[in-house]
Each structure stands twice: as C-alpha cells, then as structure tokens.
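Here's final-v4.cif, which has mmCIF, C-alpha atoms:
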data_my_file
#
loop_
_atom_site.label_atom_id
_atom_site.label_comp_id
_atom_site.auth_asym_id
_atom_site.auth_seq_id
_atom_site.Cartn_x
_atom_site.Cartn_y
_atom_site.Cartn_z
CA MET W 1 17.78 4.10 30.45
CA VAL W 2 15.78 5.92 27.80
CA LYS W 3 17.53 7.93 25.12
CA GLN W 4 16.47 11.55 24.99
CA ILE W 5 14.51 12.62 21.95
CA THR W 6 16.08 15.38 19.87
CA GLU W 7 15.48 16.80 16.43
CA LYS W 8 18.71 15.22 15.17
CA ARG W 9 17.70 11.83 16.54
CA LEU W 10 14.30 12.04 14.86
CA GLU W 11 16.02 12.92 11.60
CA HIS W 12 18.27 9.86 11.91
CA ILE W 13 15.25 7.68 12.65
CA SER W 14 13.48 8.95 9.55
CA ILE W 15 16.54 8.46 7.31
CA TYR W 16 16.99 4.92 8.59
CA TYR W 17 13.30 4.18 7.98
CA LEU W 18 13.40 5.64 4.48
CA GLN W 19 16.46 3.57 3.61
CA ARG W 20 14.44 0.46 4.26
CA TYR W 21 10.94 1.38 3.08
CA GLU W 22 9.26 3.48 0.42
CA SER W 23 7.03 5.92 2.22
CA CYS W 24 4.68 8.85 1.86
CA ALA W 25 4.69 11.94 4.06
CA SER W 26 1.79 10.89 6.26
CA LYS W 27 3.26 7.43 6.82
CA LEU W 28 6.60 8.91 7.89
CA LYS W 29 4.80 11.22 10.32
CA ASP W 30 3.04 8.20 11.80
CA VAL W 31 6.35 6.37 12.19
CA LEU W 32 7.93 9.33 13.99
CA TYR W 33 4.90 9.85 16.24
CA ARG W 34 4.92 6.15 17.16
CA ARG W 35 8.60 6.40 18.06
CA VAL W 36 7.91 9.45 20.23
CA LEU W 37 5.02 7.62 21.89
CA LYS W 38 7.25 4.61 22.56
CA ILE W 39 9.82 6.83 24.26
CA LYS W 40 7.08 8.51 26.27
CA MET W 41 5.75 5.10 27.39
CA GLN W 42 9.25 4.16 28.57
CA GLY W 43 9.35 7.23 30.79
CA GLY W 44 11.31 9.56 28.53
CA GLU W 45 10.68 13.27 28.42
CA ILE W 46 9.07 14.73 25.32
CA PRO W 47 9.96 18.32 24.35
CA PRO W 48 7.03 20.66 23.66
CA GLN W 49 8.22 21.47 20.11
CA ILE W 50 8.03 17.82 18.94
CA GLU W 51 5.25 18.47 16.39
CA GLU W 52 7.24 21.31 14.87
CA TRP W 53 10.31 19.06 14.60
CA ILE W 54 8.37 16.26 12.91
CA SER W 55 6.80 18.64 10.37
CA LYS W 56 10.20 20.18 9.67
CA ILE W 57 11.81 16.74 9.17
CA VAL W 58 9.06 15.56 6.81
CA LEU W 59 9.43 18.73 4.72
CA LYS W 60 13.20 18.27 4.65
CA MET W 61 12.83 14.66 3.45
CA GLN W 62 10.46 15.84 0.72
CA ASP W 63 12.89 18.56 -0.37
CA LEU W 64 15.71 16.03 -0.54
CA GLY W 65 13.56 13.74 -2.66
CA TYR W 66 13.47 10.89 -0.14
CA ILE W 67 9.68 11.18 0.03
CA ASP W 68 7.50 11.62 -3.04
CA ASP W 69 3.81 10.85 -2.61
CA MET W 70 3.18 10.37 -6.34
CA ARG W 71 6.11 7.95 -6.62
CA TYR W 72 4.75 6.09 -3.59
CA ILE W 73 1.33 5.82 -5.23
CA GLU W 74 2.81 4.53 -8.50
CA ASN W 75 4.97 1.92 -6.78
CA THR W 76 2.15 0.75 -4.52
CA VAL W 77 -0.30 0.45 -7.41
CA ARG W 78 2.20 -1.52 -9.49
CA ARG W 79 3.12 -3.83 -6.59
CA LEU W 80 -0.46 -4.56 -5.55
CA GLN W 81 -1.66 -5.08 -9.13
CA ASN W 82 1.12 -7.61 -9.61
CA ASN W 83 -0.09 -9.32 -6.43
CA GLY W 84 -3.58 -9.61 -7.90
CA LYS W 85 -5.42 -6.82 -6.06
CA SER W 86 -8.23 -4.77 -7.56
CA MET W 87 -8.06 -1.03 -8.07
CA HIS W 88 -10.82 -0.64 -5.47
CA TYR W 89 -8.69 -2.48 -2.90
CA ILE W 90 -5.60 -0.47 -3.86
CA LEU W 91 -7.35 2.88 -3.50
CA ASN W 92 -8.64 1.92 -0.06
CA LYS W 93 -5.14 0.88 0.96
CA LEU W 94 -3.71 4.20 -0.21
CA LYS W 95 -6.39 6.12 1.67
CA GLN W 96 -5.50 4.16 4.81
CA ASP W 97 -1.90 5.27 4.33
CA GLY W 98 -3.11 8.85 4.67
CA LEU W 99 -2.87 10.05 1.08
CA SER W 100 -5.29 12.78 0.07
CA SER W 101 -8.16 11.97 -2.26
CA ASP W 102 -7.11 14.89 -4.50
CA LEU W 103 -3.72 13.27 -5.08
CA LEU W 104 -5.36 9.90 -5.76
CA ASP W 105 -7.80 11.49 -8.21
CA THR W 106 -4.91 13.15 -10.03
CA PHE W 107 -3.13 9.81 -10.30
CA LEU W 108 -6.25 8.07 -11.58
CA GLN W 109 -6.87 10.71 -14.24
CA GLU W 110 -3.29 10.51 -15.50
CA ASN W 111 -2.61 6.79 -15.40
CA THR W 112 -5.68 4.61 -15.54
CA SER W 113 -7.21 4.80 -18.96
CA ASN W 114 -8.88 1.38 -18.80
CA THR W 115 -9.56 0.27 -15.23
CA PHE W 116 -11.63 -2.72 -16.34
CA GLN W 117 -8.73 -4.16 -18.34
CA THR W 118 -6.16 -3.65 -15.57
CA ASP W 119 -8.53 -5.17 -12.99
CA LEU W 120 -9.12 -8.13 -15.29
CA GLN W 121 -5.38 -8.70 -15.64
CA SER W 122 -4.95 -8.47 -11.86
CA ALA W 123 -7.80 -10.94 -11.36
CA GLN W 124 -6.20 -13.35 -13.84
CA ARG W 125 -2.91 -13.10 -11.93
CA LEU W 126 -4.75 -13.94 -8.72
CA VAL W 127 -6.51 -16.89 -10.37
CA TYR W 128 -3.16 -18.24 -11.53
CA LYS W 129 -1.40 -17.51 -8.25
CA LYS W 130 -4.08 -19.15 -6.07
CA LYS W 131 -4.64 -22.00 -8.56
CA LEU W 132 -8.33 -21.24 -8.98
CA GLY W 133 -10.71 -22.15 -11.81
CA CYS W 134 -9.03 -24.00 -14.66
CA PHE W 135 -5.89 -24.51 -12.57
CA ARG W 136 -7.75 -26.93 -10.27
CA ASN W 137 -8.38 -30.61 -10.92
CA LYS W 138 -11.07 -31.11 -13.57
CA GLU W 139 -13.52 -32.79 -11.16
CA LEU W 140 -13.18 -29.96 -8.59
CA GLN W 141 -13.65 -27.05 -10.99
CA LYS W 142 -17.46 -27.04 -11.04
CA GLN W 143 -17.77 -27.75 -7.31
CA MET W 144 -15.43 -24.91 -6.36
CA TYR W 145 -16.70 -22.29 -8.84
CA GLN W 146 -18.67 -20.34 -6.20
CA LYS W 147 -15.74 -20.47 -3.79
CA ASP W 148 -13.40 -19.21 -6.51
CA LEU W 149 -15.77 -16.30 -7.15
CA ALA W 150 -15.76 -15.58 -3.40
CA VAL W 151 -11.95 -15.48 -3.33
CA LEU W 152 -11.96 -12.93 -6.13
CA ALA W 153 -14.73 -10.91 -4.46
CA ARG W 154 -12.73 -10.73 -1.22
CA ALA W 155 -9.79 -9.41 -3.24
CA GLY W 156 -12.04 -6.51 -4.28
CA PHE W 157 -13.09 -7.53 -7.78
CA SER W 158 -16.62 -7.05 -9.09
CA TYR W 159 -18.75 -10.05 -10.05
CA GLU W 160 -18.33 -9.32 -13.78
CA ILE W 161 -14.55 -9.16 -13.57
CA ALA W 162 -14.33 -12.28 -11.38
CA LYS W 163 -16.57 -14.26 -13.71
CA LYS W 164 -14.69 -13.06 -16.80
CA ALA W 165 -11.30 -13.87 -15.22
CA LEU W 166 -12.37 -17.44 -14.47
CA GLU W 167 -13.91 -17.90 -17.94
CA THR W 168 -11.11 -16.38 -20.04
CA LEU W 169 -8.45 -18.54 -18.48
CA GLU W 170 -10.51 -21.68 -19.12
CA ASN W 171 -10.51 -20.99 -22.87
#

Take the structure in the file and give it back as structure tokens.
Amino acid sequence: MVKQITEKRLEHISIYYLQRYESCASKLKDVLYRRVLKIKMQGGEIPPQIEEWISKIVLKMQDLGYIDDMRYIENTVRRLQNNGKSMHYILNKLKQDGLSSDLLDTFLQENTSNTFQTDLQSAQRLVYKKKLGCFRNKELQKQMYQKDLAVLARAGFSYEIAKKALETLEN
C-alpha cells in the first residue's frame, strides 16, 4: 500500500530532512522530487499541483529560516576546506548542488581575500591527513614525490600549491 502524497506530507518530509541535514533550496527541491518519483514508481497517484506545492514548501522553509543558501555555502566551504579540498573543488561541488553562480560570486567577493593562502592550508591538511611527503618513511619520500603530487592534483590543487605544500611541511 502506497501512502498518498499531500502538501502536508511533503512539508513533514522536508522538515524531517532539514532536521538531519543542512540544505540549500535546490537540494531540498531535489529531495522532494525524488520522494514524489519514488511514490510514482510504487504506483501512487501524483496530484497535478505537485510542483506548486514543492515551490510553496521551499519558500516556507526559507521564510522560517530552515534554509539559507549563504549559510549552506559558508558551512560547506568550511567543512570541505577542513577536509583538505581546494577552492576549485569546493566551487564545483556547490555548483553541482544547484547554487547559482551569482550567489557563489557574492560569497567569493565577501569572504575569500587570499585564495592562495587558504588553498595552501587545505593542501597542508591533506598532506598531513594522508601522510604524504615528509610524513612518509625517509626512504620512500623521494620515490613517492610524483604520486604525492598526483594525490594533491586530484584533490583540485594547482601544481604550485601542491609543490609548496609538500615543501613547506618538510622544512
């Protein structure tokens, strides 16, 4: 038996989701659309005004302060920088989440005064976390230098930042 989809039920689904996860408006819309699709796949009936309901619920969650795109950007940037991700990687991740480039540009103008320095710190965190460079055995350091650079490149760091991160921690 499939539960019928109603506006109230969608609102409860969104509140439950927002209790567990920080979200932006586009991500919440995706969650609600996926839930509707799941019900449709199970044979449930979908009302014709479903898009109107989802838009209304997202606006209501924004008015209540449960969703704030700028707060989501700040928290995601902080979390991913602490995990050792580059700003390039972070911006791509935020774009995948459906945030507008105007909002991302506004955030970058307000908060990132020195991107090189923040990327270098993130790269150093990654070097420490993955035990790269000077954190390896002495005999393996020179052999694994190119592979360490590759790890940093896959994390989204430029060659200059990766090289500097490996060199500064050695000193």

- request: Calculate how many Å separate atom CA of W:Phe157 from atom CA of W:Glu74, rounding to one decimal.
  value: 20.0 Å

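The result of the PyMOL selection byres ((chain W and resi 135) around 12) on the shown file is W:Gln124, W:Arg125, W:Leu126, W:Val127, W:Tyr128, W:Lys129, W:Lys130, W:Lys131, W:Leu132, W:Gly133, W:Cys134, W:Arg136, W:Asn137, W:Lys138, W:Glu139, W:Leu140, W:Gln141, W:Lys142, W:Met144, W:Tyr145, W:Asp148, W:Leu166, W:Glu167, W:Leu169, W:Glu170, W:Asn171.
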
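For the atom pair formed by atom CA of W:Lys85 and atom CA of W:Asp119, the distance is 7.8 Å, given to one decimal.
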
field: Residue with smallest distance to W:Asp30 - pool W:Leu103, W:Gly98, W:Lys147, W:Asn75, counting only C-alpha atoms
entry: W:Gly98

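Taking atom CA of W:Leu149 and atom CA of W:Leu104 as endpoints, the distance between them is 28.2 Å.
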
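Distances to W:Ile50 were evaluated for W:Lys3, W:Lys93, W:Arg71, W:Arg9 using all atoms listed in the file, and the minimum falls at W:Arg9.
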
field: Using all atoms listed in the file: which of W:Thr106, W:Gln49, W:Ser122, W:Gln62 has the shortest distance to W:Leu28
entry: W:Gln62

As AutoDock Vina command-line options: centre and edge lengths in Å, one decimal, of the axis-aligned box holding stretch 116-132 of chain W with 3 Å per side:
--center_x -6.5 --center_y -12.4 --center_z -12.2 --size_x 16.2 --size_y 25.3 --size_z 18.3
